[in-house]
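A.B. asks: See query-v8.cif below, with mmCIF, C-alpha atoms and all ligand atoms.
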```cif
data_work
loop_
_atom_site.group_PDB
_atom_site.id
_atom_site.type_symbol
_atom_site.label_atom_id
_atom_site.label_comp_id
_atom_site.auth_asym_id
_atom_site.auth_seq_id
_atom_site.Cartn_x
_atom_site.Cartn_y
_atom_site.Cartn_z
ATOM 1 C CA MET A 29 79.853 -38.884 -101.382
ATOM 2 C CA ILE A 30 79.923 -36.903 -98.168
ATOM 3 C CA LYS A 31 80.405 -33.179 -98.593
ATOM 4 C CA VAL A 32 81.813 -31.129 -95.763
ATOM 5 C CA ASP A 33 81.359 -27.442 -96.368
ATOM 6 C CA ARG A 34 83.725 -24.759 -95.246
ATOM 7 C CA ARG A 35 81.352 -23.287 -92.690
ATOM 8 C CA THR A 36 80.795 -26.576 -90.887
ATOM 9 C CA LEU A 37 84.545 -26.975 -90.573
ATOM 10 C CA MET A 38 84.999 -23.476 -89.235
ATOM 11 C CA VAL A 39 82.343 -23.982 -86.576
ATOM 12 C CA GLY A 40 84.132 -27.156 -85.489
ATOM 13 C CA ALA A 41 87.503 -25.435 -85.504
ATOM 14 C CA ALA A 42 86.184 -22.525 -83.458
ATOM 15 C CA ALA A 43 84.835 -24.914 -80.857
ATOM 16 C CA VAL A 44 88.269 -26.485 -80.510
ATOM 17 C CA GLY A 45 90.093 -23.191 -80.161
ATOM 18 C CA VAL A 46 88.811 -22.314 -76.709
ATOM 19 C CA TYR A 47 91.963 -20.489 -75.659
ATOM 20 C CA ALA A 48 93.291 -19.869 -79.137
ATOM 21 C CA THR A 49 93.254 -16.641 -81.060
ATOM 22 C CA VAL A 50 91.929 -17.190 -84.552
ATOM 23 C CA LYS A 51 94.085 -15.123 -86.874
ATOM 24 C CA SER A 52 92.606 -16.152 -90.200
ATOM 25 C CA THR A 53 90.717 -19.013 -91.755
ATOM 26 C CA TYR A 54 93.156 -21.889 -91.297
ATOM 27 C CA VAL A 55 96.285 -20.277 -89.944
ATOM 28 C CA SER A 56 97.635 -21.806 -86.759
ATOM 29 C CA ALA A 57 95.955 -21.003 -83.522
ATOM 30 C CA GLN A 58 98.212 -18.807 -81.437
ATOM 31 C CA ALA A 59 100.036 -20.952 -78.938
ATOM 32 C CA ALA A 60 99.598 -20.320 -75.228
ATOM 33 C CA ALA A 61 102.837 -19.155 -73.666
ATOM 34 C CA GLY A 62 104.928 -21.929 -72.180
ATOM 35 C CA PRO A 63 107.856 -24.227 -72.719
ATOM 36 C CA PHE A 64 106.390 -26.054 -75.732
ATOM 37 C CA THR A 65 106.102 -24.603 -79.216
ATOM 38 C CA LEU A 66 104.318 -25.557 -82.381
ATOM 39 C CA ALA A 67 106.979 -25.400 -85.079
ATOM 40 C CA PRO A 68 105.655 -24.137 -88.411
ATOM 41 C CA LEU A 69 105.140 -26.713 -91.125
ATOM 42 C CA PRO A 70 108.522 -27.202 -92.817
ATOM 43 C CA TYR A 71 106.886 -26.719 -96.258
ATOM 44 C CA ALA A 72 103.804 -25.118 -97.748
ATOM 45 C CA PRO A 73 100.559 -26.844 -96.735
ATOM 46 C CA ASN A 74 99.853 -27.732 -100.367
ATOM 47 C CA LYS A 75 103.178 -29.579 -100.698
ATOM 48 C CA ASN A 76 101.595 -32.996 -100.239
ATOM 49 C CA GLU A 77 98.833 -32.482 -102.824
ATOM 50 C CA PRO A 78 97.124 -34.373 -104.283
ATOM 51 C CA HIS A 79 97.787 -37.180 -101.805
ATOM 52 C CA ILE A 80 97.123 -35.115 -98.695
ATOM 53 C CA ASP A 81 94.903 -32.100 -99.371
ATOM 54 C CA THR A 82 95.825 -28.598 -98.258
ATOM 55 C CA MET A 83 92.850 -28.097 -95.951
ATOM 56 C CA THR A 84 93.622 -31.308 -94.082
ATOM 57 C CA MET A 85 97.241 -30.243 -93.644
ATOM 58 C CA GLU A 86 96.227 -26.809 -92.332
ATOM 59 C CA ILE A 87 93.608 -28.035 -89.888
ATOM 60 C CA HIS A 88 95.685 -31.004 -88.782
ATOM 61 C CA HIS A 89 98.752 -28.905 -88.011
ATOM 62 C CA GLY A 90 97.147 -25.606 -87.007
ATOM 63 C CA ARG A 91 94.315 -27.029 -84.887
ATOM 64 C CA HIS A 92 94.926 -30.634 -83.875
ATOM 65 C CA HIS A 93 98.650 -30.433 -83.211
ATOM 66 C CA ALA A 94 98.278 -26.928 -81.748
ATOM 67 C CA LEU A 95 95.811 -28.250 -79.189
ATOM 68 C CA PHE A 96 98.374 -30.738 -77.830
ATOM 69 C CA VAL A 97 100.949 -27.968 -77.488
ATOM 70 C CA ASN A 98 98.425 -25.723 -75.751
ATOM 71 C CA ASN A 99 97.406 -28.515 -73.385
ATOM 72 C CA LEU A 100 101.036 -29.083 -72.402
ATOM 73 C CA ASN A 101 101.662 -25.374 -71.879
ATOM 74 C CA GLY A 102 98.467 -25.082 -69.860
ATOM 75 C CA ALA A 103 99.619 -27.879 -67.539
ATOM 76 C CA ALA A 104 103.109 -26.407 -67.323
ATOM 77 C CA LYS A 105 101.741 -23.235 -65.705
ATOM 78 C CA ASP A 106 101.279 -24.979 -62.373
ATOM 79 C CA ASN A 107 103.934 -27.657 -62.834
ATOM 80 C CA ALA A 108 106.901 -25.745 -64.194
ATOM 81 C CA GLU A 109 109.547 -28.038 -62.739
ATOM 82 C CA LEU A 110 108.104 -31.224 -64.248
ATOM 83 C CA PHE A 111 107.682 -29.688 -67.682
ATOM 84 C CA LYS A 112 111.284 -28.546 -67.866
ATOM 85 C CA LYS A 113 111.892 -32.129 -68.946
ATOM 86 C CA PRO A 114 111.848 -32.732 -72.676
ATOM 87 C CA ILE A 115 108.914 -34.645 -74.136
ATOM 88 C CA GLN A 116 110.940 -37.782 -74.846
ATOM 89 C CA GLU A 117 111.854 -37.995 -71.181
ATOM 90 C CA LEU A 118 108.281 -37.432 -70.008
ATOM 91 C CA ILE A 119 106.633 -39.960 -72.311
ATOM 92 C CA GLY A 120 109.564 -42.360 -72.107
ATOM 93 C CA ASN A 121 108.982 -42.734 -68.389
ATOM 94 C CA LEU A 122 105.290 -42.157 -67.769
ATOM 95 C CA ASN A 123 105.410 -43.836 -64.376
ATOM 96 C CA SER A 124 107.611 -41.021 -63.117
ATOM 97 C CA VAL A 125 104.930 -38.468 -64.030
ATOM 98 C CA PRO A 126 102.560 -37.682 -61.123
ATOM 99 C CA GLU A 127 99.348 -39.629 -61.525
ATOM 100 C CA ASN A 128 97.116 -36.569 -61.893
ATOM 101 C CA LEU A 129 99.125 -35.453 -64.942
ATOM 102 C CA ARG A 130 99.885 -38.846 -66.471
ATOM 103 C CA THR A 131 96.942 -38.993 -68.866
ATOM 104 C CA LEU A 132 97.573 -35.470 -70.093
ATOM 105 C CA VAL A 133 101.264 -36.184 -70.669
ATOM 106 C CA ARG A 134 100.467 -39.455 -72.383
ATOM 107 C CA ASN A 135 97.879 -37.972 -74.749
ATOM 108 C CA SER A 136 99.209 -34.478 -75.386
ATOM 109 C CA GLY A 137 102.896 -35.331 -74.998
ATOM 110 C CA GLY A 138 102.444 -38.350 -77.231
ATOM 111 C CA GLY A 139 100.430 -36.264 -79.678
ATOM 112 C CA HIS A 140 103.102 -33.560 -79.769
ATOM 113 C CA ALA A 141 105.860 -36.116 -80.428
ATOM 114 C CA ASN A 142 103.832 -38.011 -83.023
ATOM 115 C CA HIS A 143 102.872 -34.956 -85.044
ATOM 116 C CA THR A 144 106.336 -33.392 -84.857
ATOM 117 C CA MET A 145 107.675 -36.557 -86.478
ATOM 118 C CA PHE A 146 104.819 -36.682 -88.980
ATOM 119 C CA TRP A 147 105.403 -33.201 -90.486
ATOM 120 C CA GLN A 148 109.138 -33.847 -90.692
ATOM 121 C CA ILE A 149 108.973 -37.049 -92.660
ATOM 122 C CA MET A 150 106.407 -35.843 -95.229
ATOM 123 C CA GLY A 151 106.817 -33.164 -97.892
ATOM 124 C CA GLY A 152 108.976 -35.488 -99.972
ATOM 125 C CA SER A 153 108.438 -37.291 -103.224
ATOM 126 C CA GLY A 154 108.088 -40.872 -102.027
ATOM 127 C CA GLY A 155 109.575 -43.588 -104.187
ATOM 128 C CA GLU A 156 111.960 -46.152 -102.800
ATOM 129 C CA PRO A 157 114.246 -45.375 -99.875
ATOM 130 C CA SER A 158 118.019 -45.443 -100.190
ATOM 131 C CA GLY A 159 120.903 -45.450 -97.747
ATOM 132 C CA ALA A 160 120.966 -46.968 -94.282
ATOM 133 C CA ILE A 161 117.198 -47.093 -93.855
ATOM 134 C CA ALA A 162 116.827 -49.067 -97.087
ATOM 135 C CA ASP A 163 119.415 -51.601 -95.930
ATOM 136 C CA ALA A 164 117.759 -51.973 -92.529
ATOM 137 C CA ILE A 165 114.299 -52.371 -94.070
ATOM 138 C CA LYS A 166 115.766 -55.138 -96.180
ATOM 139 C CA SER A 167 117.443 -56.981 -93.323
ATOM 140 C CA ASP A 168 114.857 -56.421 -90.557
ATOM 141 C CA LEU A 169 111.498 -56.054 -92.325
ATOM 142 C CA GLY A 170 111.788 -58.277 -95.397
ATOM 143 C CA GLY A 171 112.439 -55.531 -97.949
ATOM 144 C CA PHE A 172 110.610 -52.398 -99.046
ATOM 145 C CA GLU A 173 107.574 -53.963 -100.695
ATOM 146 C CA LYS A 174 106.938 -56.405 -97.873
ATOM 147 C CA MET A 175 107.375 -53.664 -95.278
ATOM 148 C CA GLN A 176 104.918 -51.400 -97.125
ATOM 149 C CA GLY A 177 102.319 -54.155 -97.314
ATOM 150 C CA ASP A 178 102.725 -55.060 -93.648
ATOM 151 C CA PHE A 179 102.710 -51.380 -92.613
ATOM 152 C CA ASN A 180 99.493 -50.702 -94.545
ATOM 153 C CA ALA A 181 97.852 -53.805 -93.075
ATOM 154 C CA ARG A 182 98.812 -52.725 -89.564
ATOM 155 C CA GLY A 183 97.402 -49.265 -90.272
ATOM 156 C CA VAL A 184 94.098 -50.674 -91.482
ATOM 157 C CA ALA A 185 93.922 -52.949 -88.433
ATOM 158 C CA VAL A 186 94.160 -50.136 -85.869
ATOM 159 C CA PHE A 187 90.677 -50.031 -84.348
ATOM 160 C CA GLY A 188 89.545 -46.426 -84.082
ATOM 161 C CA SER A 189 92.260 -43.814 -83.776
ATOM 162 C CA GLY A 190 95.971 -44.473 -83.712
ATOM 163 C CA TRP A 191 99.258 -44.731 -85.531
ATOM 164 C CA VAL A 192 101.491 -47.179 -87.364
ATOM 165 C CA PHE A 193 105.266 -46.781 -87.128
ATOM 166 C CA VAL A 194 108.589 -48.224 -88.105
ATOM 167 C CA ALA A 195 110.611 -47.935 -84.906
ATOM 168 C CA SER A 196 114.244 -48.545 -84.081
ATOM 169 C CA ASP A 197 115.945 -49.829 -80.973
ATOM 170 C CA LYS A 198 119.254 -48.350 -79.790
ATOM 171 C CA GLY A 199 121.186 -50.797 -81.952
ATOM 172 C CA GLY A 200 119.328 -49.742 -85.101
ATOM 173 C CA LYS A 201 117.106 -52.817 -85.367
ATOM 174 C CA LEU A 202 113.771 -51.943 -86.949
ATOM 175 C CA SER A 203 110.301 -53.202 -86.103
ATOM 176 C CA LEU A 204 106.729 -52.412 -87.084
ATOM 177 C CA VAL A 205 104.683 -50.956 -84.244
ATOM 178 C CA SER A 206 101.036 -49.893 -84.157
ATOM 179 C CA LYS A 207 99.525 -47.858 -81.348
ATOM 180 C CA GLY A 208 96.128 -46.611 -80.242
ATOM 181 C CA GLY A 209 95.358 -42.997 -79.383
ATOM 182 C CA GLN A 210 98.466 -40.825 -79.315
ATOM 183 C CA ASP A 211 100.756 -43.474 -77.868
ATOM 184 C CA ASN A 212 104.286 -43.454 -79.238
ATOM 185 C CA PRO A 213 107.053 -46.100 -79.440
ATOM 186 C CA LEU A 214 109.152 -43.965 -77.060
ATOM 187 C CA MET A 215 106.770 -45.227 -74.356
ATOM 188 C CA ASP A 216 108.298 -48.686 -74.949
ATOM 189 C CA GLY A 217 111.907 -47.550 -75.240
ATOM 190 C CA LEU A 218 111.847 -47.562 -79.043
ATOM 191 C CA MET A 219 112.359 -44.606 -81.380
ATOM 192 C CA PRO A 220 109.787 -43.831 -84.096
ATOM 193 C CA ILE A 221 111.740 -43.399 -87.340
ATOM 194 C CA PHE A 222 108.655 -42.814 -89.467
ATOM 195 C CA GLY A 223 104.951 -43.364 -89.063
ATOM 196 C CA ASN A 224 101.510 -42.590 -90.381
ATOM 197 C CA ASP A 225 98.553 -41.075 -88.548
ATOM 198 C CA VAL A 226 95.371 -43.125 -89.000
ATOM 199 C CA TRP A 227 93.081 -40.899 -86.953
ATOM 200 C CA GLU A 228 90.151 -39.919 -89.179
ATOM 201 C CA HIS A 229 91.177 -36.247 -88.965
ATOM 202 C CA ALA A 230 94.269 -37.174 -90.983
ATOM 203 C CA TYR A 231 92.339 -38.322 -94.039
ATOM 204 C CA TYR A 232 88.571 -37.915 -93.761
ATOM 205 C CA LEU A 233 88.079 -34.804 -95.930
ATOM 206 C CA LYS A 234 89.655 -36.458 -98.955
ATOM 207 C CA TYR A 235 89.285 -40.186 -98.332
ATOM 208 C CA GLN A 236 86.236 -40.359 -96.016
ATOM 209 C CA ASN A 237 86.138 -43.960 -94.721
ATOM 210 C CA ARG A 238 88.718 -45.267 -97.225
ATOM 211 C CA ARG A 239 91.638 -45.547 -94.835
ATOM 212 C CA ALA A 240 93.334 -48.212 -96.961
ATOM 213 C CA ASP A 241 93.466 -45.812 -99.942
ATOM 214 C CA TYR A 242 94.950 -43.097 -97.738
ATOM 215 C CA LEU A 243 97.608 -45.456 -96.407
ATOM 216 C CA LYS A 244 98.569 -46.483 -99.930
ATOM 217 C CA SER A 245 98.672 -42.908 -101.239
ATOM 218 C CA TRP A 246 100.649 -41.563 -98.265
ATOM 219 C CA TRP A 247 103.856 -43.268 -99.438
ATOM 220 C CA ASN A 248 104.018 -40.734 -102.299
ATOM 221 C CA VAL A 249 104.862 -37.906 -99.898
ATOM 222 C CA VAL A 250 107.419 -39.583 -97.635
ATOM 223 C CA ASP A 251 110.761 -37.758 -97.488
ATOM 224 C CA TRP A 252 113.303 -40.580 -97.266
ATOM 225 C CA ALA A 253 116.184 -38.175 -96.682
ATOM 226 C CA LYS A 254 114.472 -37.015 -93.484
ATOM 227 C CA VAL A 255 113.757 -40.611 -92.515
ATOM 228 C CA ASN A 256 117.454 -41.388 -92.932
ATOM 229 C CA GLU A 257 118.332 -38.401 -90.720
ATOM 230 C CA ARG A 258 116.037 -39.704 -87.988
ATOM 231 C CA TYR A 259 117.496 -43.196 -88.306
ATOM 232 C CA ALA A 260 121.056 -41.854 -88.057
ATOM 233 C CA ALA A 261 120.078 -39.897 -84.935
ATOM 234 C CA ALA A 262 118.577 -43.035 -83.397
ATOM 235 C CA LYS A 263 121.753 -45.018 -83.953
ATOM 236 C CA SER A 264 124.064 -42.305 -82.644
ATOM 237 C CA GLY A 265 122.143 -41.573 -79.439
ATOM 238 C CA LYS A 266 120.991 -38.158 -80.652
ATOM 239 C CA PHE A 267 117.335 -38.967 -81.169
ATOM 240 C CA THR A 268 114.833 -36.647 -79.485
ATOM 241 C CA ILE A 269 111.279 -37.002 -80.814
HETATM 242 MN MN MN B 1 96.747 -36.351 -86.107
#
```
Give the structure from the file, written as structure tokens.
C.D. replies:
Amino acid sequence: MIKVDRRTLMVGAAAVGVYATVKSTYVSAQAAAGPFTLAPLPYAPNKNEPHIDTMTMEIHHGRHHALFVNNLNGAAKDNAELFKKPIQELIGNLNSVPENLRTLVRNSGGGHANHTMFWQIMGGSGGEPSGAIADAIKSDLGGFEKMQGDFNARGVAVFGSGWVFVASDKGGKLSLVSKGGQDNPLMDGLMPIFGNDVWEHAYYLKYQNRRADYLKSWWNVVDWAKVNERYAAAKSGKFTI
């Protein structure tokens, strides 16, 4: 079993936080001033234990997600007009972003949208969904158990780093989508209702290379009420990220 000690992690974290102020061990890096903000986790970082460990939650939110926000704010300094647009507009129409900023918007804008969704839809107690999302999973994705199996298989099949999502079109029709890097279904005109992060940083401390185990365990922390809120927003034209 691979052991990662605390000091090794801190050295890595410090290297990432080039323009971040380290306040304490795992507390969020201070965000650079700008139009984008890192919202605090909507629950305590130990809320998803034992399925997602506290240290992973803290580093993932306070370092990885923070870096995307800082990158966006850094770019916004010299491109204030462009970055007045909300993220969904920027990543939903990448061709309208000037070429020299397109990769940054794709990676950091996608990363910001992906992780904002991710924190929202966790912190729950898993189990089976109810309400509109349950009905749509039944009619569009073959039912809950089939969807879970297909979702997990898609997550395992992502080569390297990426995401697996259930996305909705404007009419509420669901589909399974997997993406590499920090790409997001909004880039294809679809809305990510829920999704799981299969980058190694999302699971390596607890699961090491066992991504399939992580995918299976993750369902225990999904907050289906939040998923239903996102689905309702998608169907009523109020979806953001
Ligand atoms: Mn991540």
A.B. asks: Out of A:Ala185, A:Ala253, A:Ala61, A:Val226, which residue has the shortest atom-to-atom distance to ligand MN 1 (chain B) when counting all atoms listed in the file?
C.D. replies: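 When distances to ligand MN 1 (chain B) are compared using all atoms listed in the file, the smallest one comes from A:Val226.
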A.B. asks: For each of A:His140, A:Gly62, A:Leu214, A:Gly159, take the minimum atom-to-atom distance to A:Lys112, counting all atoms listed in the file, then give the residue where this is smallest.
C.D. replies: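 Answer, going by the shortest atom-to-atom distance: A:Gly62.
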A.B. asks: Please, which residues in chain A fall within 7 Å of ligand MN 1 (chain B) when counting all atoms listed in the file, and what is the closest atom pair and distance in Å to one decimal for each, ordered by chain then residue number, as a tab-separated table?
C.D. replies:
```
residue	atom	partner	partner_atom	distance
A:His88	CA	B:MN1	MN	6.1
A:His92	CA	B:MN1	MN	6.4
A:His93	CA	B:MN1	MN	6.9
A:His143	CA	B:MN1	MN	6.4
A:Asp225	CA	B:MN1	MN	5.6
A:Trp227	CA	B:MN1	MN	5.9
A:His229	CA	B:MN1	MN	6.3
A:Ala230	CA	B:MN1	MN	5.5
```
A.B. asks: Identify which of the residues A:Ala108, A:Val97, A:Met85, A:Leu204 lies closest to A:Gly177, counting only C-alpha atoms when measuring atom-to-atom distances.
C.D. replies: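 Between A:Ala108, A:Val97, A:Met85, A:Leu204, the residue approaching A:Gly177 most closely is A:Leu204.
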A.B. asks: Using all atoms listed in the file, can you tell me which of A:Met219, A:Leu66, A:Val205, A:Leu243 comes closest to A:Gln116?
C.D. replies: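 Using all atoms listed in the file, A:Gln116 sits closest to A:Met219.
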A.B. asks: Find, counting only C-alpha atoms, the residue in A:Phe111, A:Phe146, A:Phe172, A:Phe64 that gets nearest to A:Ile221.
C.D. replies: A:Phe146
A.B. asks: Taking into account all atoms listed in the file, which residue in the set A:Ser153, A:Ser136, A:Ser206, A:Asn212 is nearest to A:Val184?
C.D. replies: A:Ser206
A.B. asks: How big is the axis-aligned box around all listed atoms of stretch 210-223 of chain A once 4 Å goes on each side, and where's its centre, in Å to one decimal, as lines of an AutoDock Vina configuration file?
C.D. replies:
```
center_x = 105.4
center_y = -44.8
center_z = -81.9
size_x = 21.9
size_y = 15.9
size_z = 23.1
```
A.B. asks: For the structure shown, which residues end up in the PyMOL selection byres (((chain A and resi 244-249) around 10) and not hetatm)? Put them as a list in words, please?
C.D. replies: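 Going through the file, the PyMOL selection byres (((chain A and resi 244-249) around 10) and not hetatm) ends up selecting Lys75, Asn76, Glu77, Pro78, His79, Ile80, Ile149, Met150, Gly151, Gly152, Ser153, Gly154, Gly155, Glu156, Gln176, Gly177, Phe179, Asn180, Asn224, Asp225, Tyr231, Arg239, Ala240, Asp241, Tyr242, Leu243, Val250, Asp251 and Trp252 of chain A.
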A.B. asks: Let's have the selection written as a PDB file, in the coordinates of the input, with C-alpha atoms.
C.D. replies:
```pdb
ATOM      1  CA  LYS A  75     103.178 -29.579-100.698  1.00  0.00           C
ATOM      2  CA  ASN A  76     101.595 -32.996-100.239  1.00  0.00           C
ATOM      3  CA  GLU A  77      98.833 -32.482-102.824  1.00  0.00           C
ATOM      4  CA  PRO A  78      97.124 -34.373-104.283  1.00  0.00           C
ATOM      5  CA  HIS A  79      97.787 -37.180-101.805  1.00  0.00           C
ATOM      6  CA  ILE A  80      97.123 -35.115 -98.695  1.00  0.00           C
ATOM      7  CA  ILE A 149     108.973 -37.049 -92.660  1.00  0.00           C
ATOM      8  CA  MET A 150     106.407 -35.843 -95.229  1.00  0.00           C
ATOM      9  CA  GLY A 151     106.817 -33.164 -97.892  1.00  0.00           C
ATOM     10  CA  GLY A 152     108.976 -35.488 -99.972  1.00  0.00           C
ATOM     11  CA  SER A 153     108.438 -37.291-103.224  1.00  0.00           C
ATOM     12  CA  GLY A 154     108.088 -40.872-102.027  1.00  0.00           C
ATOM     13  CA  GLY A 155     109.575 -43.588-104.187  1.00  0.00           C
ATOM     14  CA  GLU A 156     111.960 -46.152-102.800  1.00  0.00           C
ATOM     15  CA  GLN A 176     104.918 -51.400 -97.125  1.00  0.00           C
ATOM     16  CA  GLY A 177     102.319 -54.155 -97.314  1.00  0.00           C
ATOM     17  CA  PHE A 179     102.710 -51.380 -92.613  1.00  0.00           C
ATOM     18  CA  ASN A 180      99.493 -50.702 -94.545  1.00  0.00           C
ATOM     19  CA  ASN A 224     101.510 -42.590 -90.381  1.00  0.00           C
ATOM     20  CA  ASP A 225      98.553 -41.075 -88.548  1.00  0.00           C
ATOM     21  CA  TYR A 231      92.339 -38.322 -94.039  1.00  0.00           C
ATOM     22  CA  ARG A 239      91.638 -45.547 -94.835  1.00  0.00           C
ATOM     23  CA  ALA A 240      93.334 -48.212 -96.961  1.00  0.00           C
ATOM     24  CA  ASP A 241      93.466 -45.812 -99.942  1.00  0.00           C
ATOM     25  CA  TYR A 242      94.950 -43.097 -97.738  1.00  0.00           C
ATOM     26  CA  LEU A 243      97.608 -45.456 -96.407  1.00  0.00           C
ATOM     27  CA  VAL A 250     107.419 -39.583 -97.635  1.00  0.00           C
ATOM     28  CA  ASP A 251     110.761 -37.758 -97.488  1.00  0.00           C
ATOM     29  CA  TRP A 252     113.303 -40.580 -97.266  1.00  0.00           C
TER      30      TRP A 252
END
```
A.B. asks: One decimal, Å: what's the distance from atom CA of A:Ala262 over to atom CA of A:Lys201, could you say?
C.D. replies: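 Straight-line distance from atom CA of A:Ala262 to atom CA of A:Lys201 works out to 10.1 Å.
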A.B. asks: How many Å lie between atom CA of A:Asp216 and atom CA of A:Lys166, rounded to one decimal?
C.D. replies: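 Pair atom CA of A:Asp216 / atom CA of A:Lys166 returns 23.4 Å.
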A.B. asks: One decimal, Å: what's the distance from atom CA of A:Pro73 over to atom CA of A:Ser196, could you say?
C.D. replies: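 Pair atom CA of A:Pro73 / atom CA of A:Ser196 returns 28.6 Å.
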A.B. asks: Hey, what comes out of the PyMOL selection byres (((chain A and resi 131) around 12) and not hetatm) on this file? Could you write it as a PyMOL selection string?
C.D. replies: chain A and resi 99-100+103+118-119+122-123+125-130+132-139+209-211
